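Participant: Data file final_0.txt (compact mmCIF, C-alpha atoms and all ligand atoms) is appended below.
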```
# COMPACT_ATOMS: atom_id res chain seq x y z
CA MET F 1 8.83 -90.04 -35.35
CA LYS F 2 6.61 -91.67 -32.70
CA VAL F 3 6.82 -90.60 -29.05
CA ASP F 4 4.74 -90.90 -25.87
CA TYR F 5 4.89 -87.24 -24.85
CA LEU F 6 5.57 -83.91 -26.48
CA VAL F 7 6.34 -81.26 -23.84
CA VAL F 8 6.15 -77.56 -24.75
CA GLY F 9 8.29 -75.36 -22.48
CA GLN F 10 11.48 -76.11 -20.59
CA GLY F 11 11.36 -73.80 -17.59
CA ILE F 12 11.24 -75.36 -14.13
CA GLY F 13 7.84 -76.92 -14.90
CA GLY F 14 8.68 -78.50 -18.26
CA THR F 15 12.12 -79.60 -17.06
CA ILE F 16 10.86 -81.40 -13.99
CA LEU F 17 7.94 -83.03 -15.75
CA THR F 18 10.21 -84.19 -18.60
CA GLU F 19 12.62 -85.67 -16.08
CA HIS F 20 9.82 -87.65 -14.42
CA LEU F 21 8.66 -88.97 -17.81
CA ILE F 22 12.14 -89.90 -19.05
CA ASN F 23 12.95 -91.53 -15.73
CA ALA F 24 9.80 -93.63 -15.99
CA GLY F 25 10.88 -94.87 -19.43
CA PHE F 26 8.66 -92.76 -21.71
CA LYS F 27 9.80 -91.45 -25.08
CA VAL F 28 9.71 -87.65 -24.87
CA ARG F 29 10.47 -84.69 -27.12
CA VAL F 30 10.61 -81.11 -25.84
CA ILE F 31 10.07 -77.84 -27.72
CA ASP F 32 11.30 -74.66 -26.10
CA ASP F 33 12.38 -71.31 -27.42
CA PRO F 34 14.65 -70.05 -24.63
CA SER F 35 14.28 -66.42 -25.72
CA PHE F 36 10.53 -66.34 -24.94
CA SER F 37 10.20 -66.00 -21.17
CA ASN F 38 12.59 -66.13 -18.29
CA SER F 39 10.83 -66.67 -14.98
CA SER F 40 12.82 -69.82 -14.27
CA LYS F 41 16.05 -68.07 -15.22
CA VAL F 42 15.69 -65.16 -12.79
CA ALA F 43 13.86 -66.80 -9.87
CA GLY F 44 15.21 -66.35 -6.34
CA GLY F 45 14.89 -70.13 -6.13
CA LEU F 46 13.98 -70.09 -2.45
CA TYR F 47 12.22 -73.06 -0.90
CA ASN F 48 10.88 -72.22 2.49
CA PRO F 49 8.47 -74.32 4.57
CA ILE F 50 7.14 -71.41 6.67
CA THR F 51 6.31 -68.23 4.79
CA GLY F 52 4.65 -64.84 4.81
CA ARG F 53 4.42 -62.02 7.34
CA LYS F 54 2.23 -64.22 9.50
CA MET F 55 4.64 -67.14 9.18
CA VAL F 56 2.36 -70.03 8.31
CA LYS F 57 3.25 -73.38 6.83
CA THR F 58 3.29 -73.18 3.06
CA TRP F 59 0.28 -74.90 1.43
CA ASN F 60 0.67 -78.72 1.30
CA CYS F 61 4.08 -78.27 2.91
CA ASP F 62 4.67 -81.79 4.24
CA SER F 63 3.92 -83.55 0.94
CA LEU F 64 5.92 -81.04 -1.12
CA PHE F 65 8.95 -80.89 1.14
CA ASP F 66 9.27 -84.66 1.73
CA TYR F 67 9.49 -85.06 -2.04
CA LEU F 68 11.51 -82.10 -3.28
CA ILE F 69 14.92 -82.48 -1.65
CA PRO F 70 15.49 -86.15 -2.65
CA PHE F 71 14.21 -85.33 -6.15
CA TYR F 72 16.67 -82.44 -6.74
CA ARG F 73 19.54 -84.42 -5.20
CA ARG F 74 18.91 -87.30 -7.63
CA LEU F 75 18.80 -84.84 -10.53
CA GLU F 76 22.10 -83.25 -9.45
CA GLU F 77 23.66 -86.71 -9.43
CA LYS F 78 22.26 -87.61 -12.83
CA LEU F 79 23.46 -84.35 -14.43
CA ASP F 80 26.72 -84.31 -12.46
CA SER F 81 26.00 -80.74 -11.40
CA ASP F 82 25.27 -78.80 -8.18
CA PHE F 83 22.24 -76.55 -7.98
CA LEU F 84 20.47 -77.25 -4.68
CA TYR F 85 21.80 -75.35 -1.68
CA ASP F 86 20.49 -76.51 1.66
CA ILE F 87 20.73 -73.35 3.84
CA PRO F 88 18.82 -72.53 7.04
CA ILE F 89 16.64 -69.42 6.92
CA TYR F 90 16.85 -66.94 9.80
CA ARG F 91 13.79 -64.76 10.25
CA PRO F 92 14.01 -62.06 12.97
CA PHE F 93 10.94 -61.53 15.16
CA TYR F 94 8.94 -58.29 15.04
CA SER F 95 8.24 -58.32 18.81
CA HIS F 96 8.74 -60.17 22.06
CA GLU F 97 5.16 -61.50 21.73
CA GLU F 98 6.12 -63.16 18.47
CA TYR F 99 8.98 -64.90 20.24
CA ASN F 100 6.53 -66.21 22.90
CA GLU F 101 4.12 -67.38 20.23
CA TRP F 102 6.85 -69.33 18.45
CA MET F 103 8.09 -70.88 21.69
CA GLY F 104 4.58 -72.34 22.00
CA LYS F 105 4.27 -73.35 18.36
CA SER F 106 7.67 -75.02 18.28
CA ALA F 107 6.30 -77.80 20.50
CA GLU F 108 3.64 -78.67 17.91
CA PRO F 109 4.65 -81.62 15.70
CA ALA F 110 3.29 -79.79 12.62
CA TYR F 111 5.94 -77.06 13.03
CA ASN F 112 8.62 -78.79 15.03
CA LYS F 113 10.21 -80.61 12.08
CA TYR F 114 10.94 -77.33 10.28
CA ILE F 115 12.38 -75.40 13.24
CA ASP F 116 16.05 -75.62 14.00
CA LYS F 117 16.19 -73.12 16.86
CA ILE F 118 14.38 -70.18 18.40
CA TYR F 119 16.38 -67.24 19.72
CA GLY F 120 14.95 -64.89 22.40
CA GLN F 121 17.55 -62.18 21.94
CA SER F 122 19.67 -60.62 19.24
CA THR F 123 22.01 -63.26 17.79
CA PHE F 124 22.99 -61.96 14.37
CA GLY F 125 23.15 -58.30 15.41
CA LYS F 126 26.39 -57.86 13.47
CA HIS F 127 24.36 -58.00 10.25
CA LEU F 128 20.72 -57.63 11.15
CA ASN F 129 18.09 -55.82 13.16
CA ASP F 130 17.03 -58.75 15.33
CA GLU F 131 16.55 -57.14 18.73
CA TYR F 132 13.72 -59.59 19.63
CA GLY F 133 15.63 -62.66 18.47
CA GLY F 134 14.35 -64.82 15.64
CA ILE F 135 13.59 -68.25 14.30
CA MET F 136 16.02 -70.49 12.41
CA LEU F 137 14.22 -72.73 9.93
CA LYS F 138 15.52 -75.96 8.44
CA ASP F 139 14.55 -78.00 5.34
CA SER F 140 15.04 -74.72 3.50
CA GLY F 141 17.45 -73.22 1.01
CA TYR F 142 17.58 -72.25 -2.62
CA LEU F 143 17.77 -73.86 -6.03
CA ASP F 144 20.00 -72.24 -8.64
CA THR F 145 17.17 -72.39 -11.16
CA LEU F 146 19.20 -71.01 -14.06
CA LYS F 147 21.88 -73.66 -13.57
CA MET F 148 19.33 -76.46 -13.24
CA VAL F 149 17.41 -75.46 -16.37
CA ASN F 150 20.64 -74.97 -18.37
CA SER F 151 22.16 -78.27 -17.20
CA TYR F 152 18.98 -80.09 -18.17
CA ARG F 153 18.94 -78.39 -21.56
CA GLU F 154 22.50 -79.60 -22.23
CA TYR F 155 21.41 -83.12 -21.30
CA LEU F 156 18.41 -82.94 -23.68
CA LEU F 157 20.55 -81.45 -26.47
CA LYS F 158 23.12 -84.23 -26.12
CA LEU F 159 20.39 -86.85 -26.52
CA ASP F 160 18.71 -84.91 -29.34
CA LEU F 161 15.47 -84.66 -27.39
CA ILE F 162 14.84 -80.91 -27.63
CA TYR F 163 13.95 -78.54 -30.46
CA GLU F 164 15.00 -74.98 -29.65
CA GLU F 165 12.33 -73.18 -31.65
CA PRO F 166 8.94 -71.50 -31.15
CA PHE F 167 6.01 -73.89 -30.91
CA ASP F 168 3.61 -73.08 -33.73
CA TYR F 169 0.08 -73.71 -32.41
CA ALA F 170 -1.38 -73.62 -35.95
CA ASN F 171 0.62 -76.74 -36.84
CA LEU F 172 -0.81 -78.86 -34.06
CA GLU F 173 -3.31 -81.55 -35.08
CA VAL F 174 -5.21 -83.22 -32.27
CA ARG F 175 -7.24 -86.38 -32.73
CA ASP F 176 -8.50 -88.83 -30.17
CA GLY F 177 -5.52 -90.75 -28.91
CA GLU F 178 -3.01 -88.98 -31.15
CA ILE F 179 -1.18 -85.69 -31.60
CA ARG F 180 0.62 -84.66 -34.75
CA TYR F 181 3.10 -81.82 -34.90
CA GLY F 182 5.20 -81.76 -38.06
CA GLU F 183 7.13 -85.02 -38.15
CA ILE F 184 6.26 -85.79 -34.51
CA GLN F 185 3.47 -88.23 -33.71
CA SER F 186 2.78 -88.31 -29.99
CA ALA F 187 0.24 -89.98 -27.70
CA LYS F 188 0.00 -86.85 -25.54
CA ILE F 189 1.08 -83.22 -25.46
CA VAL F 190 1.78 -81.28 -22.26
CA PHE F 191 1.94 -77.49 -22.28
CA ALA F 192 4.27 -75.89 -19.72
CA GLU F 193 4.77 -72.44 -21.26
CA GLY F 194 4.68 -70.42 -18.03
CA ARG F 195 3.07 -67.01 -18.45
CA LEU F 196 2.89 -67.49 -22.25
CA GLN F 197 -0.01 -69.86 -21.69
CA SER F 198 -2.04 -66.79 -22.68
CA ASP F 199 -0.99 -67.38 -26.34
CA ASN F 200 -2.34 -70.94 -26.29
CA SER F 201 -6.00 -71.19 -27.28
CA TRP F 202 -6.26 -74.66 -25.72
CA PHE F 203 -5.77 -73.20 -22.27
CA ASN F 204 -5.99 -69.39 -22.42
CA TRP F 205 -9.45 -69.52 -20.77
CA LEU F 206 -7.87 -70.56 -17.46
CA PRO F 207 -7.66 -67.55 -15.10
CA GLN F 208 -4.03 -66.53 -14.89
CA LYS F 209 -2.90 -63.66 -12.68
CA PRO F 210 0.72 -63.03 -13.65
CA VAL F 211 2.92 -61.15 -11.20
CA LYS F 212 6.04 -59.25 -12.19
CA GLY F 213 9.02 -59.65 -9.86
CA GLU F 214 12.45 -58.06 -9.59
CA LEU F 215 15.63 -59.00 -7.75
CA ILE F 216 18.93 -57.24 -7.10
CA TRP F 217 22.38 -58.76 -6.59
CA ILE F 218 24.53 -57.07 -3.96
CA LYS F 219 28.17 -57.40 -3.03
CA SER F 220 29.58 -56.76 0.44
CA GLU F 221 32.58 -57.54 2.63
CA GLU F 222 30.44 -59.62 5.01
CA GLN F 223 30.56 -63.38 5.22
CA ILE F 224 26.93 -64.42 5.45
CA GLU F 225 26.11 -67.99 6.37
CA TYR F 226 22.31 -68.06 6.46
CA ILE F 227 19.44 -66.83 4.32
CA TYR F 228 17.94 -63.78 6.05
CA ASN F 229 14.26 -63.21 5.46
CA ARG F 230 11.86 -60.57 6.70
CA GLY F 231 10.02 -58.34 4.27
CA VAL F 232 12.70 -59.29 1.76
CA PHE F 233 15.00 -62.30 1.35
CA LEU F 234 18.77 -62.16 1.20
CA ILE F 235 20.43 -65.31 -0.14
CA PRO F 236 24.23 -65.65 0.21
CA ILE F 237 25.66 -66.95 -3.07
CA LYS F 238 29.45 -66.78 -2.63
CA ASN F 239 32.34 -64.40 -1.81
CA GLY F 240 30.04 -61.69 -0.42
CA LEU F 241 27.61 -61.86 -3.37
CA CYS F 242 23.94 -62.07 -2.31
CA LYS F 243 20.61 -62.20 -4.13
CA VAL F 244 17.89 -59.96 -2.72
CA GLY F 245 14.21 -60.11 -3.59
CA ALA F 246 11.63 -59.95 -4.59
CA THR F 247 9.01 -57.42 -5.62
CA TYR F 248 5.38 -58.26 -6.53
CA HIS F 249 3.59 -56.09 -9.10
CA HIS F 250 0.47 -56.79 -11.14
CA GLU F 251 0.97 -54.02 -13.72
CA ASN F 252 3.56 -53.44 -16.50
CA LEU F 253 4.04 -57.16 -17.00
CA ASP F 254 7.29 -57.07 -18.95
CA GLU F 255 10.74 -58.38 -18.19
CA THR F 256 12.54 -55.04 -17.89
CA THR F 257 14.08 -53.80 -14.65
CA THR F 258 12.88 -50.59 -13.00
CA GLU F 259 14.31 -47.99 -10.63
CA LYS F 260 11.08 -48.18 -8.64
CA ALA F 261 11.64 -51.86 -7.82
CA GLN F 262 15.28 -51.22 -6.99
CA SER F 263 14.41 -48.50 -4.48
CA GLU F 264 11.64 -50.66 -2.99
CA LEU F 265 14.14 -53.48 -2.41
CA ILE F 266 16.73 -51.09 -0.96
CA THR F 267 14.16 -49.72 1.49
CA ARG F 268 13.01 -53.16 2.60
CA LEU F 269 16.59 -54.37 2.85
CA GLY F 270 17.44 -51.35 5.01
CA ARG F 271 14.83 -52.49 7.56
CA LEU F 272 16.47 -55.93 7.74
CA ILE F 273 20.26 -55.45 7.57
CA HIS F 274 22.76 -52.78 8.53
CA PHE F 275 25.96 -53.46 6.62
CA ASP F 276 27.34 -51.67 3.56
CA TYR F 277 26.92 -53.13 0.10
CA GLN F 278 26.99 -52.26 -3.60
CA ILE F 279 24.32 -53.22 -6.11
CA VAL F 280 25.95 -55.20 -8.92
CA ASP F 281 22.99 -56.49 -10.94
CA GLN F 282 19.21 -56.42 -11.25
CA LYS F 283 16.78 -58.77 -13.05
CA ALA F 284 13.07 -58.93 -13.72
CA GLY F 285 10.63 -61.67 -14.69
CA VAL F 286 6.95 -62.55 -14.64
CA ARG F 287 5.63 -65.30 -12.38
CA PRO F 288 3.00 -67.52 -13.99
CA ALA F 289 0.54 -67.13 -11.13
CA THR F 290 -3.14 -68.01 -11.03
CA ILE F 291 -6.23 -66.38 -9.60
CA ASP F 292 -6.45 -68.82 -6.67
CA ARG F 293 -2.66 -69.19 -6.27
CA LYS F 294 -2.78 -72.90 -7.05
CA PRO F 295 -1.22 -74.59 -10.10
CA PHE F 296 -3.07 -75.55 -13.29
CA VAL F 297 -2.75 -79.31 -13.74
CA GLY F 298 -4.76 -81.74 -15.84
CA SER F 299 -6.36 -82.51 -19.18
CA HIS F 300 -8.31 -80.24 -21.49
CA PRO F 301 -12.11 -80.60 -20.97
CA LYS F 302 -12.64 -81.92 -24.54
CA GLN F 303 -9.32 -83.64 -25.38
CA LYS F 304 -7.81 -85.85 -22.68
CA ASN F 305 -4.43 -86.07 -24.42
CA VAL F 306 -3.96 -82.26 -24.39
CA ILE F 307 -2.59 -81.46 -20.95
CA ILE F 308 -1.38 -78.49 -18.93
CA PHE F 309 1.30 -78.21 -16.24
CA ASN F 310 1.47 -74.55 -15.31
CA GLY F 311 0.47 -71.88 -12.78
CA LEU F 312 3.48 -72.50 -10.54
CA GLY F 313 3.34 -68.85 -9.45
CA ALA F 314 5.87 -67.76 -6.83
CA LYS F 315 6.69 -71.29 -5.68
CA GLY F 316 7.78 -73.26 -8.72
CA VAL F 317 10.77 -74.77 -6.93
CA SER F 318 8.68 -76.45 -4.24
CA LEU F 319 5.52 -77.19 -6.25
CA ALA F 320 6.93 -78.61 -9.49
CA PRO F 321 8.51 -81.90 -8.31
CA TYR F 322 5.53 -83.19 -6.32
CA TYR F 323 2.92 -82.17 -8.88
CA ALA F 324 4.94 -83.42 -11.87
CA ASN F 325 4.96 -86.81 -10.19
CA GLN F 326 1.27 -86.59 -9.38
CA LEU F 327 0.42 -85.58 -12.97
CA MET F 328 2.39 -88.50 -14.42
CA SER F 329 0.62 -91.00 -12.11
CA HIS F 330 -2.71 -89.47 -13.04
CA LEU F 331 -2.03 -89.81 -16.77
CA GLU F 332 -0.51 -93.27 -16.65
CA LYS F 333 -2.22 -94.95 -13.70
CA ASN F 334 -5.42 -92.97 -13.53
CA SER F 335 -4.73 -91.87 -9.95
CA GLU F 336 -6.52 -88.78 -8.64
CA LEU F 337 -5.14 -85.26 -8.95
CA ASP F 338 -5.50 -83.03 -5.89
CA ALA F 339 -8.73 -81.08 -6.35
CA GLU F 340 -6.93 -77.80 -5.53
CA VAL F 341 -4.66 -78.11 -8.59
CA ASN F 342 -6.92 -80.01 -11.00
CA ILE F 343 -8.11 -77.62 -13.73
CA GLU F 344 -11.56 -79.21 -13.46
CA ARG F 345 -12.15 -76.50 -10.84
CA PHE F 346 -12.38 -74.01 -13.71
CA PHE F 347 -14.28 -76.08 -16.30
CA SER F 348 -17.27 -73.76 -15.93
CA LEU F 349 -15.12 -71.05 -17.61
CA PHE F 350 -14.50 -73.12 -20.74
C1 LIG N 1 11.66 -62.22 -9.56
C2 LIG N 1 11.17 -63.62 -9.34
C3 LIG N 1 11.54 -64.29 -8.19
C4 LIG N 1 11.09 -65.59 -7.98
N1 LIG N 1 11.51 -66.24 -6.86
C5 LIG N 1 11.12 -67.51 -6.64
C6 LIG N 1 11.59 -68.22 -5.50
O1 LIG N 1 12.34 -67.67 -4.69
N2 LIG N 1 11.17 -69.49 -5.32
C7 LIG N 1 10.33 -70.12 -6.23
O2 LIG N 1 9.98 -71.29 -6.03
N3 LIG N 1 9.88 -69.47 -7.33
C8 LIG N 1 10.26 -68.19 -7.54
N4 LIG N 1 9.80 -67.52 -8.64
C9 LIG N 1 8.79 -68.18 -9.48
C10 LIG N 1 9.39 -69.17 -10.48
O3 LIG N 1 10.28 -68.47 -11.28
C11 LIG N 1 8.25 -69.81 -11.29
O4 LIG N 1 7.36 -70.49 -10.44
C12 LIG N 1 8.78 -70.81 -12.32
O5 LIG N 1 9.95 -70.36 -12.90
C13 LIG N 1 7.76 -71.09 -13.39
O6 LIG N 1 8.31 -72.01 -14.28
P1 LIG N 1 7.59 -72.44 -15.61
O7 LIG N 1 8.39 -73.55 -16.19
O8 LIG N 1 6.14 -72.72 -15.34
O9 LIG N 1 7.60 -71.15 -16.55
P2 LIG N 1 8.82 -70.43 -17.33
O10 LIG N 1 10.02 -70.35 -16.50
O11 LIG N 1 8.25 -69.16 -17.88
O12 LIG N 1 9.14 -71.42 -18.52
C14 LIG N 1 8.34 -71.55 -19.66
C15 LIG N 1 9.21 -71.94 -20.84
O13 LIG N 1 8.37 -72.17 -21.96
C16 LIG N 1 8.93 -71.54 -23.09
N5 LIG N 1 7.84 -71.23 -24.02
C17 LIG N 1 6.67 -70.59 -23.76
N6 LIG N 1 5.90 -70.52 -24.86
C18 LIG N 1 6.59 -71.15 -25.84
C19 LIG N 1 6.32 -71.41 -27.22
N7 LIG N 1 5.19 -71.05 -27.84
N8 LIG N 1 7.28 -72.06 -27.95
C20 LIG N 1 8.44 -72.46 -27.38
N9 LIG N 1 8.74 -72.24 -26.07
C21 LIG N 1 7.83 -71.60 -25.32
C22 LIG N 1 9.60 -70.28 -22.53
O14 LIG N 1 10.58 -69.73 -23.35
C23 LIG N 1 10.20 -70.84 -21.22
O15 LIG N 1 11.47 -71.40 -21.46
C24 LIG N 1 10.24 -66.22 -8.91
C25 LIG N 1 9.89 -65.56 -10.08
C26 LIG N 1 10.34 -64.26 -10.31
C27 LIG N 1 9.95 -63.58 -11.57
```
In structure tokens, what does this structure look like?
Facilitator:
Amino acid sequence: MKVDYLVVGQGIGGTILTEHLINAGFKVRVIDDPSFSNSSKVAGGLYNPITGRKMVKTWNCDSLFDYLIPFYRRLEEKLDSDFLYDIPIYRPFYSHEEYNEWMGKSAEPAYNKYIDKIYGQSTFGKHLNDEYGGIMLKDSGYLDTLKMVNSYREYLLKLDLIYEEPFDYANLEVRDGEIRYGEIQSAKIVFAEGRLQSDNSWFNWLPQKPVKGELIWIKSEEQIEYIYNRGVFLIPIKNGLCKVGATYHHENLDETTTEKAQSELITRLGRLIHFDYQIVDQKAGVRPATIDRKPFVGSHPKQKNVIIFNGLGAKGVSLAPYYANQLMSHLEKNSELDAEVNIERFFSLF
């Protein structure tokens, strides 16, 4: 069987790249063993233009955010499913000075488009500790990553475009201009295996820095309308169910939940909210992060048709659409990749 692309991995990265390729008319086959890793299945799914304790615009924010919402909306339509939830994020201030700072910043065009409103006094005191007020962000929300990945898998299965099996690296034959993998003959292969990139000798020299993360699901009587975020995020799902996360740990990189992470989340949540809740679930995963916190995108130094799309770290939801599109244009139209994501930055390690 002859195809244009063979994609290995169908997490957020592989899904979104495959969708770009199929949409552009390429013949694609995907190989994914869903039991291997689960980052995309446990992710909080948050997309947030202004992040961190210091509240700065997320890297490359304008390009990423102009692209991502229309992309996910089109995908929802195509799959006849709902997985993108456009919800403002409310982030309480730490001090009155922070309120003053944001009053100033809100006039700057760079920030203005992401700010819905700034509050100088407690506004959501029923739920939160927001004695200094807070900032309501827009162009934010969350993607139900599990639902998106599963809906896309159903679509691929229906069209017979996916093999649900482990990719066997020993069976890959690479020649100039051609890939062979069993019965598949492909012009190019793209690896999007998330943290399991470490098992792939074509790309295991790239400096990964995986980060384990855990989330808890809580249930309460409260009707919460917004995402609350300070030190921890709380995403309202439905009927009082909320997702709370996430932890960041560089050791014990497995996918098992821990009491330590649960108590860390409870402590951080206690600083943000003051209503009663019960913990109903907990999940863990490993983010495929990189040493410089930027994705790995581009061709292998020796074989142009062996390609990587990985390193989405803690921001797969916002990074994947824009960079999948950029990678496809690079491969098909020879357009430039952003230097910050191009794996050429690490060629000295090869
Ligand atoms: C607790 C937690 C919270 C997070 N919260 C957020 C958030 O709020 N917002 C956000 O944007 N991101 C978040 N993330 C990060 C997000 O999950 C990742 O950026 C994203 O899921 C990475 O997707 P991926 O496709 O690169 O990798 P993965 O999801 O790991 O997918 C890789 C796929 O490849 C398959 N695979 C690998 N090797 C093989 C092989 N040899 N053969 C066959 N199949 C193979 C795996 O089974 C898997 O299906 C969070 C992550 C965690 C763990």
Participant: Quick one: everything within 10 Å of Val317 (chain F), counting all atoms listed in the file, minus sequence neighbours fewer than 6 positions away in the same chain. Send it as a PyMOL selection string.
Facilitator: chain F and resi 12-13+16+40+43-48+64+68+72+142-145
Participant: Return as a ChimeraX atom specification the residues of protein, DNA or RNA that approach ligand LIG 1 (chain N) to within 7 Å, with only C-alpha atoms and all ligand atoms taken into account.
Facilitator: /F:8-14,31-47,165-168,192-197,212-215,245-247,284-288,310-318
Participant: F:Phe83, F:Trp102, F:Phe203, F:Tyr277: which is nearest Ile216 (chain F), counting all atoms listed in the file?
Facilitator: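 That would be F:Tyr277, the residue with the smallest distance to Ile216 (chain F).
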Participant: Under the rule that all atoms listed in the file are counted, which of F:Glu98, F:Glu336, F:Glu178, F:Asp116 is the nearest residue to Met55 (chain F)?
Facilitator: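 The answer is F:Glu98, which sits nearest to Met55 (chain F).
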Participant: Under the rule that all atoms listed in the file are counted, which of F:Asp292, F:Asp139, F:Glu19, F:Glu101 is the nearest residue to Leu75 (chain F)?
Facilitator: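 The answer is F:Glu19, which sits nearest to Leu75 (chain F).
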Participant: Of the residues F:Lys283, F:Leu206, F:Lys188, F:Asn325, which is the one nearest to Ser348 (chain F), using all atoms listed in the file?
Facilitator: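 For Ser348 (chain F), the nearest of the candidates is F:Leu206.
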Participant: List the neighbours of Gln185 (chain F) out to 6 Å using all atoms listed in the file; skip same-chain residues closer than 3 positions along the sequence, and give me the result as a list in words.
Facilitator: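 Once the nearby chain positions are removed, what remains is Met1, Lys2, Ile179 and Arg180 of chain F.
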Participant: Dump as a list in words all residues having an atom at most 8 Å from (-0.9, -76.1, -12.5), computed in the file's coordinates with all atoms listed in the file.
Facilitator: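 Output of the proximity query reads Lys294, Pro295, Phe296, Val297, Gly298, Ile308, Phe309, Asn310, Gly311, Leu312, Val341, Asn342 and Ile343 of chain F.
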Participant: Next, the residues of the selection above should be written as an mmCIF file, in the coordinates of the input with C-alpha atoms.
Facilitator:
```cif
data_model
loop_
_atom_site.group_PDB
_atom_site.id
_atom_site.type_symbol
_atom_site.label_atom_id
_atom_site.label_comp_id
_atom_site.auth_asym_id
_atom_site.auth_seq_id
_atom_site.Cartn_x
_atom_site.Cartn_y
_atom_site.Cartn_z
ATOM 1 C CA LYS F 294 -2.780 -72.900 -7.050
ATOM 2 C CA PRO F 295 -1.220 -74.590 -10.100
ATOM 3 C CA PHE F 296 -3.070 -75.550 -13.290
ATOM 4 C CA VAL F 297 -2.750 -79.310 -13.740
ATOM 5 C CA GLY F 298 -4.760 -81.740 -15.840
ATOM 6 C CA ILE F 308 -1.380 -78.490 -18.930
ATOM 7 C CA PHE F 309 1.300 -78.210 -16.240
ATOM 8 C CA ASN F 310 1.470 -74.550 -15.310
ATOM 9 C CA GLY F 311 0.470 -71.880 -12.780
ATOM 10 C CA LEU F 312 3.480 -72.500 -10.540
ATOM 11 C CA VAL F 341 -4.660 -78.110 -8.590
ATOM 12 C CA ASN F 342 -6.920 -80.010 -11.000
ATOM 13 C CA ILE F 343 -8.110 -77.620 -13.730
#
```
Participant: Pick out the closest residue to Glu131 (chain F) from this set: F:Phe26, F:Leu272, F:Thr58, F:Leu161. Count all atoms listed in the file.
Facilitator: F:Leu272
Participant: Please, which residues are within 9 Å of (-4.0, -80.6, -25.2) by the file's coordinates, counting all atoms listed in the file, and could they come as a PyMOL selection string?
Facilitator: chain F and resi 174+179+188-191+202-203+299-300+302-308
Participant: Would you please work out which residue, of F:Glu183, F:Glu97, F:Asp254, F:Glu173, is nearest to Pro210 (chain F) when using only C-alpha atoms?
Facilitator: F:Asp254
Participant: Rounded to one decimal place, report the CA of Ala110 (chain F)-CA of Ile235 (chain F) distance in Å.
Facilitator: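 Going from CA of Ala110 (chain F) over to CA of Ile235 (chain F), I get 25.8 Å.
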Participant: Quote the spacing between CA of Lys57 (chain F) and CA of Gln326 (chain F) in Å to one decimal place.
Facilitator: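 These two atoms are separated by 21.0 Å.
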Participant: What gap, in Å, lies between CA of Val7 (chain F) and CA of Val28 (chain F)?
Facilitator: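 Taking CA of Val7 (chain F) and CA of Val28 (chain F), their separation equals 7.3 Å.
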Participant: Give me the residues near Gln208 (chain F) as number ranges by chain, where near means some atom within 7 Å (using all atoms listed in the file) and where sequence neighbours in that chain fewer than 4 positions away do not count.
Facilitator: F: 289-291
Participant: Ser151 (chain F): which residues within 10 Å, counting only C-alpha atoms, same-chain residues fewer than 2 positions away excluded, as number ranges by chain?
Facilitator: F: 75-76, 79-83, 145-149, 153-157
Participant: How about saving the chosen residues, C-alpha atoms kept, as a JSON list (two decimals), in the coordinates of the input?
Facilitator:
```json
[["chain", "number", "residue", "atom", "x", "y", "z"],
["F", 75, "LEU", "CA", 18.80, -84.84, -10.53],
["F", 76, "GLU", "CA", 22.10, -83.25, -9.45],
["F", 79, "LEU", "CA", 23.46, -84.35, -14.43],
["F", 80, "ASP", "CA", 26.72, -84.31, -12.46],
["F", 81, "SER", "CA", 26.00, -80.74, -11.40],
["F", 82, "ASP", "CA", 25.27, -78.80, -8.18],
["F", 83, "PHE", "CA", 22.24, -76.55, -7.98],
["F", 145, "THR", "CA", 17.17, -72.39, -11.16],
["F", 146, "LEU", "CA", 19.20, -71.01, -14.06],
["F", 147, "LYS", "CA", 21.88, -73.66, -13.57],
["F", 148, "MET", "CA", 19.33, -76.46, -13.24],
["F", 149, "VAL", "CA", 17.41, -75.46, -16.37],
["F", 153, "ARG", "CA", 18.94, -78.39, -21.56],
["F", 154, "GLU", "CA", 22.50, -79.60, -22.23],
["F", 155, "TYR", "CA", 21.41, -83.12, -21.30],
["F", 156, "LEU", "CA", 18.41, -82.94, -23.68],
["F", 157, "LEU", "CA", 20.55, -81.45, -26.47]]
```
